[in-house]
$ cat structure-v4.txt   # compact mmCIF, C-alpha atoms (C1' of nucleotides)
# COMPACT_ATOMS: atom_id res chain seq x y z
CA MET A 1 0.00 0.00 0.00
CA ARG A 2 2.71 2.39 1.04
CA LYS A 3 4.76 1.32 -1.90
CA CYS A 4 1.82 1.83 -4.23
CA LEU A 5 1.41 5.41 -3.06
CA LEU A 6 5.09 6.03 -3.53
CA LEU A 7 5.07 4.58 -7.00
CA SER A 8 2.11 6.62 -8.10
CA LEU A 9 3.72 9.78 -6.74
CA MET A 10 6.83 9.00 -8.69
CA ALA A 11 4.70 8.27 -11.74
CA ASN A 12 3.20 11.69 -11.44
CA HIS A 13 6.67 13.21 -11.20
CA LEU A 14 7.79 11.30 -14.25
CA ASP A 15 4.72 12.59 -16.10
CA THR A 16 5.50 16.23 -15.46
CA PHE A 17 9.23 15.74 -15.82
CA PHE A 18 9.09 14.10 -19.22
CA ALA A 19 6.43 16.51 -20.40
CA ALA A 20 8.65 19.40 -19.34
CA MET A 21 11.60 17.98 -21.22
CA ALA A 22 9.63 17.40 -24.40
CA ASP A 23 9.98 21.01 -25.52
CA PRO A 24 13.20 22.35 -27.11
CA THR A 25 12.82 25.80 -25.57
CA ARG A 26 12.61 24.29 -22.12
CA ARG A 27 15.56 21.97 -22.70
CA ALA A 28 17.58 24.96 -23.87
CA VAL A 29 16.73 26.75 -20.62
CA ILE A 30 17.91 23.74 -18.65
CA GLU A 31 21.17 23.64 -20.60
CA ARG A 32 21.65 27.33 -20.00
CA LEU A 33 21.03 26.95 -16.28
CA THR A 34 23.69 24.29 -15.85
CA ASP A 35 26.24 27.09 -15.80
CA GLY A 36 24.55 29.15 -13.18
CA PRO A 37 21.38 30.90 -11.98
CA SER A 38 19.98 33.63 -14.13
CA SER A 39 17.23 36.22 -14.35
CA VAL A 40 14.04 35.71 -16.36
CA SER A 41 14.87 38.28 -19.02
CA THR A 42 18.43 37.04 -19.48
CA LEU A 43 17.08 33.56 -20.00
CA HIS A 44 14.48 34.95 -22.36
CA ALA A 45 16.88 36.97 -24.56
CA PRO A 46 18.05 34.25 -26.99
CA HIS A 47 14.54 32.93 -27.59
CA ASP A 48 12.47 34.47 -30.34
CA MET A 49 9.12 34.56 -28.60
CA ALA A 50 7.03 36.95 -26.52
CA LEU A 51 7.98 37.22 -22.86
CA PRO A 52 4.64 35.97 -21.49
CA THR A 53 4.93 32.88 -23.65
CA PHE A 54 8.44 32.27 -22.38
CA LEU A 55 7.30 32.80 -18.84
CA ARG A 56 4.83 29.99 -19.19
CA HIS A 57 7.66 27.67 -20.19
CA LEU A 58 9.43 28.65 -17.01
CA LYS A 59 6.29 27.87 -15.03
CA VAL A 60 6.12 24.43 -16.56
CA LEU A 61 9.72 23.82 -15.54
CA GLU A 62 9.04 25.07 -12.06
CA ALA A 63 5.90 22.95 -11.71
CA SER A 64 7.92 19.89 -12.65
CA GLY A 65 10.40 20.67 -9.89
CA LEU A 66 13.31 21.00 -12.31
CA VAL A 67 13.83 24.62 -11.50
CA ARG A 68 13.26 26.97 -8.61
CA SER A 69 13.16 30.74 -8.46
CA GLU A 70 12.89 33.58 -6.02
CA LYS A 71 12.26 37.23 -6.52
CA LYS A 72 14.80 39.82 -5.44
CA GLY A 73 13.54 43.34 -5.91
CA ARG A 74 11.95 43.38 -9.32
CA VAL A 75 14.07 40.62 -10.86
CA ARG A 76 13.35 36.93 -10.51
CA VAL A 77 16.36 34.64 -10.29
CA VAL A 78 15.96 31.11 -11.59
CA HIS A 79 18.16 28.17 -10.72
CA LEU A 80 18.39 24.49 -11.53
CA GLU A 81 17.31 21.70 -9.19
CA ALA A 82 19.02 18.44 -10.10
CA ALA A 83 16.99 15.90 -8.12
CA PRO A 84 14.13 15.27 -10.60
CA MET A 85 16.62 14.70 -13.38
CA GLU A 86 18.25 12.03 -11.29
CA THR A 87 14.92 10.32 -10.70
CA ALA A 88 14.20 10.14 -14.40
CA GLU A 89 17.70 9.02 -15.25
CA ALA A 90 17.34 6.27 -12.66
CA TRP A 91 14.09 5.12 -14.21
CA LEU A 92 15.64 4.96 -17.66
CA ARG A 93 18.69 3.13 -16.36
CA GLN A 94 16.41 0.64 -14.63
CA GLN A 95 14.48 -0.09 -17.84
CA ARG A 96 17.64 -0.52 -19.86
CA HIS A 97 19.00 -2.79 -17.17
CA MET A 98 15.92 -5.04 -17.25
CA TRP A 99 16.09 -5.15 -21.01
CA LYS A 100 19.76 -6.06 -21.04
CA LYS A 101 19.24 -8.76 -18.42
CA ARG A 102 16.62 -10.36 -20.61
CA LEU A 103 18.90 -10.26 -23.63
CA ASP A 104 21.59 -11.98 -21.56
CA ARG A 105 19.19 -14.74 -20.54
CA LEU A 106 18.29 -15.10 -24.20
CA GLY A 107 21.93 -15.28 -25.18
CA ALA A 108 22.58 -17.96 -22.59
CA LEU A 109 19.64 -19.97 -23.87
CA ALA A 110 20.86 -19.73 -27.47
CA GLU A 111 24.29 -20.87 -26.39
CA ARG A 112 22.84 -23.83 -24.52
CA LEU A 113 20.83 -24.87 -27.57
CA GLU A 114 23.93 -24.54 -29.71
CA ARG A 115 25.89 -26.75 -27.31
CA ASP A 116 23.14 -29.36 -27.20
CA ARG A 117 22.98 -29.54 -30.96
CA ALA A 118 26.72 -30.16 -31.23
CA MET B 26 27.28 22.87 -40.20
CA ARG B 27 27.37 19.12 -40.05
CA LYS B 28 27.27 19.28 -36.27
CA CYS B 29 24.32 21.64 -36.37
CA LEU B 30 22.33 19.22 -38.49
CA LEU B 31 23.19 16.42 -36.13
CA LEU B 32 22.19 18.41 -33.10
CA SER B 33 18.87 19.40 -34.57
CA LEU B 34 18.15 15.82 -35.56
CA MET B 35 18.91 14.75 -32.03
CA ALA B 36 16.77 17.59 -30.73
CA ASN B 37 13.89 16.28 -32.76
CA HIS B 38 14.48 12.80 -31.38
CA LEU B 39 14.55 14.14 -27.86
CA ASP B 40 11.27 15.93 -28.55
CA THR B 41 9.45 12.80 -29.61
CA PHE B 42 11.20 10.62 -27.06
CA PHE B 43 10.33 12.74 -24.05
CA ALA B 44 6.81 13.34 -25.33
CA ALA B 45 6.37 9.58 -25.69
CA MET B 46 7.58 8.99 -22.16
CA ALA B 47 5.31 11.64 -20.65
CA ASP B 48 2.35 9.27 -20.56
CA PRO B 49 1.92 6.59 -17.88
CA THR B 50 0.22 4.14 -20.24
CA ARG B 51 3.14 4.35 -22.63
CA ARG B 52 5.71 4.02 -19.86
CA ALA B 53 3.86 0.96 -18.61
CA VAL B 54 4.09 -0.56 -22.09
CA ILE B 55 7.83 0.11 -22.14
CA GLU B 56 8.23 -1.55 -18.75
CA ARG B 57 6.23 -4.51 -19.95
CA LEU B 58 8.33 -4.85 -23.08
CA THR B 59 11.60 -5.03 -21.16
CA ASP B 60 10.81 -8.65 -20.51
CA GLY B 61 10.13 -9.61 -24.07
CA PRO B 62 8.20 -8.89 -27.27
CA SER B 63 4.45 -9.17 -27.13
CA SER B 64 1.31 -8.94 -29.25
CA VAL B 65 -0.89 -5.84 -29.37
CA SER B 66 -3.81 -7.40 -27.56
CA THR B 67 -1.66 -8.89 -24.82
CA LEU B 68 -0.15 -5.48 -24.24
CA HIS B 69 -3.59 -3.99 -24.27
CA ALA B 70 -5.18 -6.37 -21.75
CA PRO B 71 -4.17 -4.67 -18.45
CA HIS B 72 -5.15 -1.21 -19.64
CA ASP B 73 -8.69 -0.06 -19.11
CA MET B 74 -9.25 1.70 -22.42
CA ALA B 75 -10.64 0.96 -25.86
CA LEU B 76 -8.33 -0.88 -28.23
CA PRO B 77 -8.15 1.86 -30.87
CA THR B 78 -7.13 4.33 -28.19
CA PHE B 79 -4.42 1.99 -27.00
CA LEU B 80 -3.26 1.42 -30.53
CA ARG B 81 -2.60 5.11 -30.93
CA HIS B 82 -0.35 5.00 -27.89
CA LEU B 83 1.61 2.25 -29.59
CA LYS B 84 1.87 4.38 -32.70
CA VAL B 85 3.31 7.23 -30.68
CA LEU B 86 5.90 4.86 -29.23
CA GLU B 87 6.74 3.53 -32.67
CA ALA B 88 7.03 7.02 -34.15
CA SER B 89 9.49 7.94 -31.42
CA GLY B 90 11.62 4.94 -32.36
CA LEU B 91 11.30 3.36 -28.91
CA VAL B 92 9.48 0.38 -30.24
CA ARG B 93 9.24 -1.57 -33.45
CA SER B 94 6.67 -4.08 -34.65
CA GLU B 95 5.97 -6.46 -37.46
CA LYS B 96 2.89 -8.33 -38.40
CA LYS B 97 2.84 -12.13 -38.46
CA GLY B 98 -0.39 -13.50 -39.77
CA ARG B 99 -3.09 -11.54 -38.05
CA VAL B 100 -1.13 -10.68 -34.94
CA ARG B 101 1.32 -7.80 -34.64
CA VAL B 102 4.35 -8.39 -32.46
CA VAL B 103 5.87 -5.40 -30.73
CA HIS B 104 9.40 -5.21 -29.34
CA LEU B 105 11.58 -2.69 -27.57
CA GLU B 106 14.37 -0.73 -29.25
CA ALA B 107 16.88 0.51 -26.69
CA ALA B 108 18.89 3.06 -28.68
CA PRO B 109 16.63 6.14 -28.21
CA MET B 110 16.56 5.54 -24.48
CA GLU B 111 20.32 5.62 -24.44
CA THR B 112 20.38 8.92 -26.30
CA ALA B 113 18.09 10.54 -23.79
CA GLU B 114 19.93 9.07 -20.85
CA ALA B 115 23.16 10.45 -22.31
CA TRP B 116 21.65 13.91 -22.63
CA LEU B 117 20.49 13.87 -19.03
CA ARG B 118 23.84 12.61 -17.81
CA GLN B 119 25.56 15.39 -19.76
CA GLN B 120 23.41 18.07 -18.16
CA ARG B 121 23.96 16.70 -14.68
CA HIS B 122 27.68 16.56 -15.38
CA MET B 123 27.83 20.23 -16.44
CA TRP B 124 25.83 21.19 -13.40
CA LYS B 125 28.08 19.26 -11.05
CA LYS B 126 31.21 20.73 -12.65
CA ARG B 127 29.91 24.20 -11.99
CA LEU B 128 29.14 23.39 -8.37
CA ASP B 129 32.69 22.09 -8.00
CA ARG B 130 34.12 25.32 -9.41
CA LEU B 131 31.91 27.18 -6.98
CA GLY B 132 33.10 25.02 -4.10
CA ALA B 133 36.73 25.66 -5.03
CA LEU B 134 36.08 29.38 -5.20
CA ALA B 135 34.45 29.38 -1.77
CA GLU B 136 37.38 27.44 -0.36
CA ARG B 137 39.86 29.92 -1.86
CA LEU B 138 37.97 32.84 -0.34
CA GLU B 139 37.98 31.06 3.00
CA ARG B 140 41.73 30.52 2.81
CA ASP B 141 42.38 34.15 1.86
CA ARG B 142 40.34 35.37 4.76
CA ALA B 143 42.34 33.34 7.23
C1' DA C 8 7.03 62.57 -8.96
C1' DG C 9 7.45 60.57 -13.52
C1' DA C 10 9.52 57.50 -16.68
C1' DT C 11 11.65 53.06 -17.32
C1' DT C 12 12.54 48.41 -16.53
C1' DG C 13 11.28 43.63 -15.30
C1' DG C 14 7.76 40.75 -14.65
C1' DT C 15 2.86 39.31 -14.51
C1' DT C 16 -2.18 38.55 -15.62
C1' DA C 17 -5.97 37.96 -18.70
C1' DG C 18 -7.93 36.66 -22.83
C1' DC C 19 -7.79 34.88 -27.46
C1' DC C 20 -6.60 31.60 -31.29
C1' DT C 21 -4.89 27.37 -33.60
C1' DA C 22 -3.19 22.92 -33.63
C1' DG C 23 -2.55 18.68 -31.48
C1' DT C 24 -3.68 14.97 -28.01
C1' DT C 25 -6.57 11.56 -25.81
C1' DG C 26 -10.53 9.45 -25.14
C1' DC C 27 -14.72 7.23 -27.40
C1' DT C 28 -17.88 4.28 -30.93
C1' DA C 29 -19.00 2.19 -35.22
C1' DA C 30 -17.76 -0.08 -39.04
C1' DC C 31 -14.31 -2.55 -41.71
C1' DT C 32 -10.25 -5.81 -43.38
C1' DG C 33 -7.89 -9.90 -43.37
C1' DC C 34 -6.24 -14.18 -41.34
C1' DC C 35 -7.40 -18.46 -39.02
C1' DT C 36 -10.45 -22.30 -37.49
C1' DT C 37 -14.14 -25.49 -38.15
C1' DA D 19 -18.01 -21.14 -46.57
C1' DA D 20 -19.00 -19.22 -42.15
C1' DG D 21 -17.72 -17.46 -38.03
C1' DG D 22 -14.72 -15.42 -35.05
C1' DC D 23 -10.52 -13.22 -33.67
C1' DA D 24 -6.83 -9.51 -34.08
C1' DG D 25 -6.16 -5.37 -35.60
C1' DT D 26 -7.35 -1.14 -38.21
C1' DT D 27 -9.68 3.09 -40.03
C1' DA D 28 -12.74 6.98 -39.71
C1' DG D 29 -14.89 10.38 -37.35
C1' DC D 30 -16.38 12.81 -33.21
C1' DA D 31 -16.00 15.49 -28.63
C1' DA D 32 -13.35 17.40 -24.83
C1' DC D 33 -9.31 19.16 -23.43
C1' DT D 34 -4.36 20.72 -23.42
C1' DA D 35 -0.35 23.18 -25.34
C1' DG D 36 1.96 26.83 -27.24
C1' DG D 37 1.82 30.97 -29.50
C1' DC D 38 0.11 36.01 -29.54
C1' DT D 39 -1.41 41.05 -27.76
C1' DA D 40 -2.92 44.33 -24.49
C1' DA D 41 -3.03 45.99 -20.19
C1' DC D 42 -1.30 46.03 -15.61
C1' DC D 43 1.74 46.01 -11.18
C1' DA D 44 5.87 47.17 -8.64
C1' DA D 45 10.70 48.35 -8.04
C1' DT D 46 14.26 51.48 -9.66
C1' DC D 47 16.38 55.44 -11.80
C1' DT D 48 16.49 60.65 -12.86
$ encode --input "structure-v4.txt" --output "structure tokens"
Amino acid sequence: MRKCLLLSLMANHLDTFFAAMADPTRRAVIERLTDGPSSVSTLHAPHDMALPTFLRHLKVLEASGLVRSEKKGRVRVVHLEAAPMETAEAWLRQQRHMWKKRLDRLGALAERLERDRA
Amino acid sequence: MRKCLLLSLMANHLDTFFAAMADPTRRAVIERLTDGPSSVSTLHAPHDMALPTFLRHLKVLEASGLVRSEKKGRVRVVHLEAAPMETAEAWLRQQRHMWKKRLDRLGALAERLERDRA
DNA sequence: AGATTGGTTAGCCTAGTTGCTAACTGCCTT
DNA sequence: AAGGCAGTTAGCAACTAGGCTAACCAATCT
């Protein structure tokens, strides 16, 4: 029961995380933030879109937990939060691991058959 | 120029990959497929939705390259394709790496300041 | 105080996604 | 050949996503 709750929470996180990453603008923001916090308008500058539109991308990132921000005076400073990325990476690694394990079992089986035939 | 083309191709792959992963039904299918290929209706069984709806999820997965399928007689067999997952995992790892490197630089700087103050 | 800068809210539009049902094709079994 | 099973196509409704403009705070600069 406990585990089920945990899993569904994580599922929800994966939902918002992957959805957040599915947009090139948002991935570019993430890349940009890996070398340090930055203000909204600085982040906005290289992107050819209206500021309100861009702001909504930031909100999506923030809602997914990938990014946090606080306001100092009239400028809002945004910074990266690595934890959700680790969660997702772990999930992917897990899937690949399962997949590889199965292929190994399959390989072993093939080898056994080969040996038996000889 | 060549690199730019490559990057934009990858960007496009990341788009479709992350979008594909943003849905719990589709992630469940991926998990299921890690332990072997399976037919459409077998994959469908545990999901409480109409078959045509489910089929579209499969199409999304196939379009993103995560999955391939071929038809044998009247049944279509679906199997996992690990490469796109590796690409995405690599991208995430890269971002985390950049982030960590920056934190290290920051740590070193702090340490230097500390030393100077002493 | 008034103008400027940085961000925010509200509202609109278009395109795409996710669910459904109904009807159809094409292979297999009897 | 008839029936059923596996999948597919077409078309509809509800909702979300991503873009825009216009108008609006609130902090700073002159």
$ closest_atom_pairs --input "structure-v4.txt" --of "chain D" --to "chain A" --cutoff "10 Å" --atoms "all atoms listed in the file" --output "CSV"
residue,atom,partner,partner_atom,distance
D:DG36,C1',A:Thr53,CA,7.6
D:DG37,C1',A:Thr53,CA,6.9
D:DC38,C1',A:Ala50,CA,7.6
D:DT39,C1',A:Ala50,CA,9.5
D:DA44,C1',A:Arg74,CA,7.2
D:DA45,C1',A:Arg74,CA,5.3
D:DT46,C1',A:Arg74,CA,8.4
$ closest_atom_pairs --input "structure-v4.txt" --of "chain C" --to "chain B" --cutoff "9 Å" --atoms "all atoms listed in the file" --output "JSON lines"
{"residue": "C:DT25", "atom": "C1'", "partner": "B:Thr78", "partner_atom": "CA", "distance": 7.6}
{"residue": "C:DG26", "atom": "C1'", "partner": "B:Thr78", "partner_atom": "CA", "distance": 6.9}
{"residue": "C:DC27", "atom": "C1'", "partner": "B:Ala75", "partner_atom": "CA", "distance": 7.6}
{"residue": "C:DG33", "atom": "C1'", "partner": "B:Arg99", "partner_atom": "CA", "distance": 7.4}
{"residue": "C:DC34", "atom": "C1'", "partner": "B:Arg99", "partner_atom": "CA", "distance": 5.3}
{"residue": "C:DC35", "atom": "C1'", "partner": "B:Arg99", "partner_atom": "CA", "distance": 8.2}
$ residues_near_point --input "structure-v4.txt" --point "(-6.1, 18.7, -25.5)" --cutoff "8 Å" --atoms "only C-alpha atoms (C1' of nucleotides)" --output "compact mmCIF listing (two decimals) with C-alpha atoms (C1' of nucleotides), in the frame of the given file"
# COMPACT_ATOMS: atom_id res chain seq x y z
C1' DG C 23 -2.55 18.68 -31.48
C1' DT C 24 -3.68 14.97 -28.01
C1' DT C 25 -6.57 11.56 -25.81
C1' DA D 32 -13.35 17.40 -24.83
C1' DC D 33 -9.31 19.16 -23.43
C1' DT D 34 -4.36 20.72 -23.42
C1' DA D 35 -0.35 23.18 -25.34
$ closest_atom_pairs --input "structure-v4.txt" --of "chain A" --to "chain B" --cutoff "9 Å" --atoms "only C-alpha atoms" --output "CSV"
residue,atom,partner,partner_atom,distance
A:Ala11,CA,B:Pro49,CA,6.9
A:Asn12,CA,B:Pro49,CA,8.3
A:Leu14,CA,B:Ala47,CA,6.9
A:Asp15,CA,B:Ala47,CA,4.7
A:Thr16,CA,B:Ala47,CA,6.9
A:Phe17,CA,B:Ala47,CA,7.5
A:Phe18,CA,B:Ala47,CA,4.7
A:Ala19,CA,B:Ala47,CA,5.0
A:Ala20,CA,B:Phe43,CA,8.3
A:Met21,CA,B:Phe43,CA,6.1
A:Ala22,CA,B:Asp40,CA,4.7
A:Asp23,CA,B:Asp40,CA,6.1
A:Pro24,CA,B:Asp40,CA,6.9
A:Ile30,CA,B:Gln120,CA,7.9
A:Glu31,CA,B:Gln120,CA,6.5
A:Leu33,CA,B:Trp124,CA,8.0
A:Thr34,CA,B:Trp124,CA,4.5
A:Asp35,CA,B:Arg127,CA,6.0
A:Gly36,CA,B:Arg127,CA,7.4
A:Leu80,CA,B:Trp124,CA,8.4
A:Ala82,CA,B:Arg121,CA,7.0
A:Met85,CA,B:Leu117,CA,6.9
A:Glu86,CA,B:Arg121,CA,8.1
A:Ala88,CA,B:Leu117,CA,8.7
A:Glu89,CA,B:Glu114,CA,6.0
A:Leu92,CA,B:Glu114,CA,6.7
A:Arg93,CA,B:Glu114,CA,7.5
A:Gln95,CA,B:Glu56,CA,6.5
A:Arg96,CA,B:Ala107,CA,6.9
A:His97,CA,B:Thr59,CA,8.7
A:Met98,CA,B:Thr59,CA,5.8
A:Trp99,CA,B:Thr59,CA,4.5
A:Lys100,CA,B:Thr59,CA,8.2
A:Lys101,CA,B:Asp60,CA,8.7
A:Arg102,CA,B:Asp60,CA,6.1
A:Leu103,CA,B:Gly61,CA,8.8
$ axis_aligned_box --input "structure-v4.txt" --around "stretch 102-114 of chain A" --padding-each-side "4 Å" --output "JSON"
{"center_x": 20.5, "center_y": -17.6, "center_z": -25.1, "size_x": 15.7, "size_y": 22.6, "size_z": 17.2}
$ closest_residue --input "structure-v4.txt" --among "C:DA8, C:DT37, C:DA29, C:DT15" --to "D:DC42" --atoms "all atoms listed in the file"
C:DT15
$ atom_distance --input "structure-v4.txt" --atom1 "atom CA of B:Asp129" --atom2 "atom CA of A:His79"
16.0 Å
$ atom_distance --input "structure-v4.txt" --atom1 "atom CA of B:Ser64" --atom2 "atom CA of B:Val102"
4.5 Å
$ atom_distance --input "structure-v4.txt" --atom1 "atom C1' of D:DC23" --atom2 "atom C1' of C:DT32"
12.2 Å
$ decode --input "structure-v4.txt" --residues "stretch 19-107 of chain A" --atoms "C-alpha atoms" --output "mmCIF file, in the first residue's frame"
data_model
loop_
_atom_site.group_PDB
_atom_site.id
_atom_site.type_symbol
_atom_site.label_atom_id
_atom_site.label_comp_id
_atom_site.auth_asym_id
_atom_site.auth_seq_id
_atom_site.Cartn_x
_atom_site.Cartn_y
_atom_site.Cartn_z
ATOM 1 C CA ALA A 19 6.430 16.513 -20.398
ATOM 2 C CA ALA A 20 8.649 19.402 -19.338
ATOM 3 C CA MET A 21 11.603 17.977 -21.218
ATOM 4 C CA ALA A 22 9.626 17.397 -24.397
ATOM 5 C CA ASP A 23 9.985 21.006 -25.521
ATOM 6 C CA PRO A 24 13.199 22.351 -27.106
ATOM 7 C CA THR A 25 12.824 25.798 -25.566
ATOM 8 C CA ARG A 26 12.611 24.285 -22.116
ATOM 9 C CA ARG A 27 15.563 21.968 -22.698
ATOM 10 C CA ALA A 28 17.580 24.961 -23.870
ATOM 11 C CA VAL A 29 16.733 26.748 -20.624
ATOM 12 C CA ILE A 30 17.910 23.744 -18.647
ATOM 13 C CA GLU A 31 21.171 23.638 -20.600
ATOM 14 C CA ARG A 32 21.652 27.334 -19.996
ATOM 15 C CA LEU A 33 21.033 26.952 -16.278
ATOM 16 C CA THR A 34 23.694 24.289 -15.849
ATOM 17 C CA ASP A 35 26.238 27.087 -15.799
ATOM 18 C CA GLY A 36 24.554 29.148 -13.177
ATOM 19 C CA PRO A 37 21.381 30.896 -11.978
ATOM 20 C CA SER A 38 19.980 33.634 -14.133
ATOM 21 C CA SER A 39 17.225 36.220 -14.352
ATOM 22 C CA VAL A 40 14.042 35.706 -16.364
ATOM 23 C CA SER A 41 14.866 38.284 -19.018
ATOM 24 C CA THR A 42 18.431 37.041 -19.484
ATOM 25 C CA LEU A 43 17.077 33.561 -20.000
ATOM 26 C CA HIS A 44 14.484 34.948 -22.364
ATOM 27 C CA ALA A 45 16.879 36.971 -24.557
ATOM 28 C CA PRO A 46 18.053 34.250 -26.987
ATOM 29 C CA HIS A 47 14.544 32.933 -27.595
ATOM 30 C CA ASP A 48 12.472 34.468 -30.343
ATOM 31 C CA MET A 49 9.116 34.562 -28.605
ATOM 32 C CA ALA A 50 7.031 36.946 -26.524
ATOM 33 C CA LEU A 51 7.976 37.224 -22.864
ATOM 34 C CA PRO A 52 4.637 35.969 -21.492
ATOM 35 C CA THR A 53 4.933 32.884 -23.649
ATOM 36 C CA PHE A 54 8.436 32.269 -22.383
ATOM 37 C CA LEU A 55 7.296 32.802 -18.836
ATOM 38 C CA ARG A 56 4.832 29.989 -19.185
ATOM 39 C CA HIS A 57 7.660 27.672 -20.194
ATOM 40 C CA LEU A 58 9.434 28.648 -17.011
ATOM 41 C CA LYS A 59 6.292 27.873 -15.035
ATOM 42 C CA VAL A 60 6.118 24.427 -16.556
ATOM 43 C CA LEU A 61 9.722 23.821 -15.542
ATOM 44 C CA GLU A 62 9.041 25.073 -12.056
ATOM 45 C CA ALA A 63 5.902 22.954 -11.707
ATOM 46 C CA SER A 64 7.920 19.886 -12.654
ATOM 47 C CA GLY A 65 10.401 20.667 -9.891
ATOM 48 C CA LEU A 66 13.308 21.004 -12.305
ATOM 49 C CA VAL A 67 13.825 24.622 -11.503
ATOM 50 C CA ARG A 68 13.257 26.968 -8.609
ATOM 51 C CA SER A 69 13.158 30.743 -8.464
ATOM 52 C CA GLU A 70 12.886 33.581 -6.017
ATOM 53 C CA LYS A 71 12.260 37.225 -6.523
ATOM 54 C CA LYS A 72 14.804 39.820 -5.435
ATOM 55 C CA GLY A 73 13.542 43.344 -5.908
ATOM 56 C CA ARG A 74 11.948 43.377 -9.324
ATOM 57 C CA VAL A 75 14.067 40.618 -10.859
ATOM 58 C CA ARG A 76 13.348 36.930 -10.506
ATOM 59 C CA VAL A 77 16.358 34.642 -10.288
ATOM 60 C CA VAL A 78 15.958 31.112 -11.589
ATOM 61 C CA HIS A 79 18.156 28.173 -10.724
ATOM 62 C CA LEU A 80 18.388 24.487 -11.531
ATOM 63 C CA GLU A 81 17.310 21.703 -9.188
ATOM 64 C CA ALA A 82 19.019 18.435 -10.097
ATOM 65 C CA ALA A 83 16.988 15.895 -8.124
ATOM 66 C CA PRO A 84 14.128 15.272 -10.600
ATOM 67 C CA MET A 85 16.617 14.701 -13.379
ATOM 68 C CA GLU A 86 18.255 12.027 -11.289
ATOM 69 C CA THR A 87 14.923 10.315 -10.698
ATOM 70 C CA ALA A 88 14.204 10.141 -14.400
ATOM 71 C CA GLU A 89 17.697 9.016 -15.247
ATOM 72 C CA ALA A 90 17.340 6.272 -12.658
ATOM 73 C CA TRP A 91 14.094 5.123 -14.208
ATOM 74 C CA LEU A 92 15.635 4.961 -17.660
ATOM 75 C CA ARG A 93 18.690 3.128 -16.361
ATOM 76 C CA GLN A 94 16.413 0.642 -14.633
ATOM 77 C CA GLN A 95 14.482 -0.087 -17.835
ATOM 78 C CA ARG A 96 17.637 -0.522 -19.861
ATOM 79 C CA HIS A 97 18.996 -2.793 -17.169
ATOM 80 C CA MET A 98 15.921 -5.044 -17.253
ATOM 81 C CA TRP A 99 16.093 -5.152 -21.010
ATOM 82 C CA LYS A 100 19.760 -6.057 -21.040
ATOM 83 C CA LYS A 101 19.235 -8.761 -18.418
ATOM 84 C CA ARG A 102 16.623 -10.360 -20.609
ATOM 85 C CA LEU A 103 18.900 -10.264 -23.631
ATOM 86 C CA ASP A 104 21.586 -11.976 -21.565
ATOM 87 C CA ARG A 105 19.194 -14.739 -20.543
ATOM 88 C CA LEU A 106 18.288 -15.103 -24.196
ATOM 89 C CA GLY A 107 21.934 -15.281 -25.182
#
